[in-house]
Every structure is written in structure tokens, then in C-alpha cells.
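Peer 1: This one is start.pdb, PDB, C-alpha atoms.
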ATOM      1  CA  SER I   1     -17.949   6.291 -18.959  1.00  0.00           C
ATOM      2  CA  GLN I   2     -16.085   6.078 -15.647  1.00  0.00           C
ATOM      3  CA  PHE I   3     -18.558   8.500 -14.104  1.00  0.00           C
ATOM      4  CA  VAL I   4     -21.518   6.384 -15.205  1.00  0.00           C
ATOM      5  CA  LYS I   5     -19.783   3.199 -14.081  1.00  0.00           C
ATOM      6  CA  LYS I   6     -19.425   4.691 -10.620  1.00  0.00           C
ATOM      7  CA  PHE I   7     -22.851   6.273 -10.184  1.00  0.00           C
ATOM      8  CA  LEU I   8     -25.362   4.196 -12.187  1.00  0.00           C
ATOM      9  CA  CYS I   9     -25.227   1.049 -10.033  1.00  0.00           C
ATOM     10  CA  GLU I  10     -25.419   3.113  -6.879  1.00  0.00           C
ATOM     11  CA  ALA I  11     -28.456   4.989  -8.197  1.00  0.00           C
ATOM     12  CA  LEU I  12     -30.164   1.743  -9.193  1.00  0.00           C
ATOM     13  CA  LEU I  13     -29.556  -0.004  -5.881  1.00  0.00           C
ATOM     14  CA  ASN I  14     -30.679   3.039  -3.881  1.00  0.00           C
ATOM     15  CA  ASP I  15     -33.860   3.652  -5.864  1.00  0.00           C
ATOM     16  CA  LEU I  16     -37.048   3.190  -3.842  1.00  0.00           C
ATOM     17  CA  HIS I  17     -38.573   1.042  -6.598  1.00  0.00           C
ATOM     18  CA  PHE I  18     -35.650  -1.410  -6.814  1.00  0.00           C
ATOM     19  CA  GLY I  19     -37.463  -4.062  -4.790  1.00  0.00           C
ATOM     20  CA  SER I  20     -40.878  -3.681  -6.401  1.00  0.00           C
ATOM     21  CA  ASP I  21     -40.627  -2.216  -9.940  1.00  0.00           C
ATOM     22  CA  ILE I  22     -37.247  -2.769 -11.563  1.00  0.00           C
ATOM     23  CA  VAL I  23     -38.264  -1.055 -14.819  1.00  0.00           C
ATOM     24  CA  GLN I  24     -39.122   2.138 -12.924  1.00  0.00           C
ATOM     25  CA  ALA I  25     -35.932   1.813 -10.882  1.00  0.00           C
ATOM     26  CA  TYR I  26     -33.827   1.496 -14.041  1.00  0.00           C
ATOM     27  CA  HIS I  27     -35.534   4.502 -15.614  1.00  0.00           C
ATOM     28  CA  ALA I  28     -34.950   6.610 -12.517  1.00  0.00           C
ATOM     29  CA  ALA I  29     -31.326   5.449 -12.202  1.00  0.00           C
ATOM     30  CA  PHE I  30     -30.493   6.307 -15.819  1.00  0.00           C
ATOM     31  CA  THR I  31     -32.264   9.666 -15.526  1.00  0.00           C
ATOM     32  CA  SER I  32     -30.620  10.665 -12.246  1.00  0.00           C
ATOM     33  CA  THR I  33     -27.162   9.560 -13.409  1.00  0.00           C
ATOM     34  CA  ASN I  34     -27.590  11.655 -16.548  1.00  0.00           C
ATOM     35  CA  ALA I  35     -28.619  14.668 -14.456  1.00  0.00           C
ATOM     36  CA  GLN I  36     -25.630  14.177 -12.119  1.00  0.00           C
ATOM     37  CA  LEU I  37     -23.309  14.043 -15.113  1.00  0.00           C
ATOM     38  CA  HIS I  38     -24.722  17.306 -16.497  1.00  0.00           C
ATOM     39  CA  ASN I  39     -24.206  18.965 -13.100  1.00  0.00           C
ATOM     40  CA  HIS I  40     -20.671  17.601 -12.669  1.00  0.00           C
ATOM     41  CA  THR I  41     -17.483  19.449 -13.586  1.00  0.00           C
ATOM     42  CA  ILE I  42     -17.049  17.109 -16.579  1.00  0.00           C
ATOM     43  CA  ASP I  43     -17.756  18.938 -19.850  1.00  0.00           C
ATOM     44  CA  ASP I  44     -20.305  16.684 -21.546  1.00  0.00           C
ATOM     45  CA  SER I  45     -21.376  19.189 -24.197  1.00  0.00           C
ATOM     46  CA  MET I  46     -19.453  17.432 -26.986  1.00  0.00           C
ATOM     47  CA  SER I  47     -19.399  13.867 -25.686  1.00  0.00           C
ATOM     48  CA  GLY I  48     -21.517  11.156 -24.178  1.00  0.00           C
ATOM     49  CA  THR I  49     -21.596   7.528 -23.234  1.00  0.00           C
ATOM     50  CA  THR I  50     -23.726   4.468 -23.718  1.00  0.00           C
ATOM     51  CA  ALA I  51     -24.569   1.777 -21.218  1.00  0.00           C
ATOM     52  CA  ILE I  52     -25.733  -1.816 -21.087  1.00  0.00           C
ATOM     53  CA  THR I  53     -26.748  -3.380 -17.801  1.00  0.00           C
ATOM     54  CA  VAL I  54     -27.829  -6.862 -16.838  1.00  0.00           C
ATOM     55  CA  LEU I  55     -29.548  -7.773 -13.597  1.00  0.00           C
ATOM     56  CA  VAL I  56     -30.387 -11.323 -12.581  1.00  0.00           C
ATOM     57  CA  ARG I  57     -33.128 -11.629  -9.997  1.00  0.00           C
ATOM     58  CA  GLY I  58     -34.168 -15.185  -9.310  1.00  0.00           C
ATOM     59  CA  LYS I  59     -34.998 -16.745 -12.674  1.00  0.00           C
ATOM     60  CA  THR I  60     -35.525 -13.391 -14.385  1.00  0.00           C
ATOM     61  CA  LEU I  61     -32.899 -11.583 -16.463  1.00  0.00           C
ATOM     62  CA  TYR I  62     -33.309  -7.825 -16.899  1.00  0.00           C
ATOM     63  CA  VAL I  63     -31.340  -6.160 -19.680  1.00  0.00           C
ATOM     64  CA  ALA I  64     -31.395  -2.378 -20.066  1.00  0.00           C
ATOM     65  CA  ASN I  65     -29.538  -0.090 -22.402  1.00  0.00           C
ATOM     66  CA  VAL I  66     -29.154   3.570 -23.121  1.00  0.00           C
ATOM     67  CA  GLY I  67     -27.613   5.036 -26.251  1.00  0.00           C
ATOM     68  CA  ASP I  68     -26.680   2.933 -29.244  1.00  0.00           C
ATOM     69  CA  SER I  69     -25.274  -0.059 -27.339  1.00  0.00           C
ATOM     70  CA  ARG I  70     -27.109  -3.371 -27.593  1.00  0.00           C
ATOM     71  CA  ALA I  71     -26.794  -6.740 -25.910  1.00  0.00           C
ATOM     72  CA  VAL I  72     -26.869  -9.998 -27.828  1.00  0.00           C
ATOM     73  CA  LEU I  73     -28.004 -12.987 -25.812  1.00  0.00           C
TER      74      LEU I  73
END
What is this file in C-alpha cells?
Peer 2:
Amino acid sequence: SQFVKKFLCEALLNDLHFGSDIVQAYHAAFTSTNAQLHNHTIDDSMSGTTAITVLVRGKTLYVANVGDSRAVL
């Protein structure tokens, strides 16, 4: 979870679609963070993590999740 905490936000903010297509940016950020985790020295063969993110942009609230975590608004 610490790995994802560190790398997911960075991947989202650096994605080329962040300014124009936040759904695509989220998808790419989750996918690239997952790939980085698999390539890291951390043994993830018997473990995993979930994530919930919230992004406020103007008057729009974006909520994204991966795994079995859910947000209740």
C-alpha cells in the first residue's frame, strides 16, 4: 500500500491525458502503477492492495477505485 500511495498520484498527475480525459488518465495511472509494482523488488505474488481516490476539479468530483474498496458519499 505504501508503494501505491507513493506512485499512483505521481502517475496520475504526469499522465498526458490528465488535463483532457481524466478517466483515461486514471486508467493509465492504475495500470502503470500495477506494472511498476510487479517489476519492483516487492514480492506481490501472495498479496495485493486496493485503492480509492477522489479528485475535485471545479464543480466535478471524480471517484475511482481498484480492488474491493468502495467509497460512500
Peer 1: Using all atoms listed in the file, collect all residues at a distance of at most 10 Å from (-18.2, 3.3, -17.3) as written in the file, then present them as a list in words.
Peer 2: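 So the residues meeting the distance criterion are Ser1, Gln2, Phe3, Val4, Lys5, Lys6, Phe7, Leu8, Thr49, Thr50, Ala51 and Ile52 of chain I.
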Peer 1: Any chance you could tabulate, as JSON lines, the residues of segment 11-53 of chain I at most 12 Å from segment 58-70 of chain I with each one's nearest atom pair and distance in Å to one decimal, using all atoms listed in the file, in chain and rising number order?
Peer 2:
{"residue": "I:Leu12", "atom": "CA", "partner": "I:Ala64", "partner_atom": "CA", "distance": 11.7}
{"residue": "I:Asp21", "atom": "CA", "partner": "I:Tyr62", "partner_atom": "CA", "distance": 11.6}
{"residue": "I:Ile22", "atom": "CA", "partner": "I:Tyr62", "partner_atom": "CA", "distance": 8.3}
{"residue": "I:Val23", "atom": "CA", "partner": "I:Tyr62", "partner_atom": "CA", "distance": 8.6}
{"residue": "I:Gln24", "atom": "CA", "partner": "I:Ala64", "partner_atom": "CA", "distance": 11.5}
{"residue": "I:Ala25", "atom": "CA", "partner": "I:Ala64", "partner_atom": "CA", "distance": 11.1}
{"residue": "I:Tyr26", "atom": "CA", "partner": "I:Ala64", "partner_atom": "CA", "distance": 7.6}
{"residue": "I:His27", "atom": "CA", "partner": "I:Ala64", "partner_atom": "CA", "distance": 9.2}
{"residue": "I:Ala29", "atom": "CA", "partner": "I:Ala64", "partner_atom": "CA", "distance": 11.1}
{"residue": "I:Phe30", "atom": "CA", "partner": "I:Val66", "partner_atom": "CA", "distance": 7.9}
{"residue": "I:Thr31", "atom": "CA", "partner": "I:Val66", "partner_atom": "CA", "distance": 10.2}
{"residue": "I:Thr33", "atom": "CA", "partner": "I:Val66", "partner_atom": "CA", "distance": 11.6}
{"residue": "I:Asn34", "atom": "CA", "partner": "I:Val66", "partner_atom": "CA", "distance": 10.5}
{"residue": "I:Gly48", "atom": "CA", "partner": "I:Gly67", "partner_atom": "CA", "distance": 8.9}
{"residue": "I:Thr49", "atom": "CA", "partner": "I:Gly67", "partner_atom": "CA", "distance": 7.2}
{"residue": "I:Thr50", "atom": "CA", "partner": "I:Gly67", "partner_atom": "CA", "distance": 4.7}
{"residue": "I:Ala51", "atom": "CA", "partner": "I:Val66", "partner_atom": "CA", "distance": 5.3}
{"residue": "I:Ile52", "atom": "CA", "partner": "I:Asn65", "partner_atom": "CA", "distance": 4.4}
{"residue": "I:Thr53", "atom": "CA", "partner": "I:Ala64", "partner_atom": "CA", "distance": 5.3}
Peer 1: Just how far from atom CA of Leu73 of chain I is atom CA of Ala28 of chain I, in Å to one decimal?
Peer 2: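 Between atom CA of Ala28 of chain I and atom CA of Leu73 of chain I the gap is 24.7 Å.
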Peer 1: Please report, as lines of an AutoDock Vina configuration file, the centre and edge lengths in Å to one decimal of an axis-aligned box covering all listed atoms of segment 55-72 of chain I with 6 Å per side.
Peer 2:
center_x = -30.4
center_y = -5.9
center_z = -19.3
size_x = 22.3
size_y = 33.8
size_z = 31.9
Peer 1: So how many Å separate atom CA of Val56 of chain I and atom CA of Ala71 of chain I, to one decimal?
Peer 2: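 Those two atoms sit 14.5 Å apart.
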Peer 1: Please measure the separation of atom CA of Asn14 of chain I and atom CA of Val72 of chain I, giving the value in Å to one decimal.
Peer 2: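 According to the coordinates, atom CA of Asn14 of chain I and atom CA of Val72 of chain I are separated by 27.5 Å.
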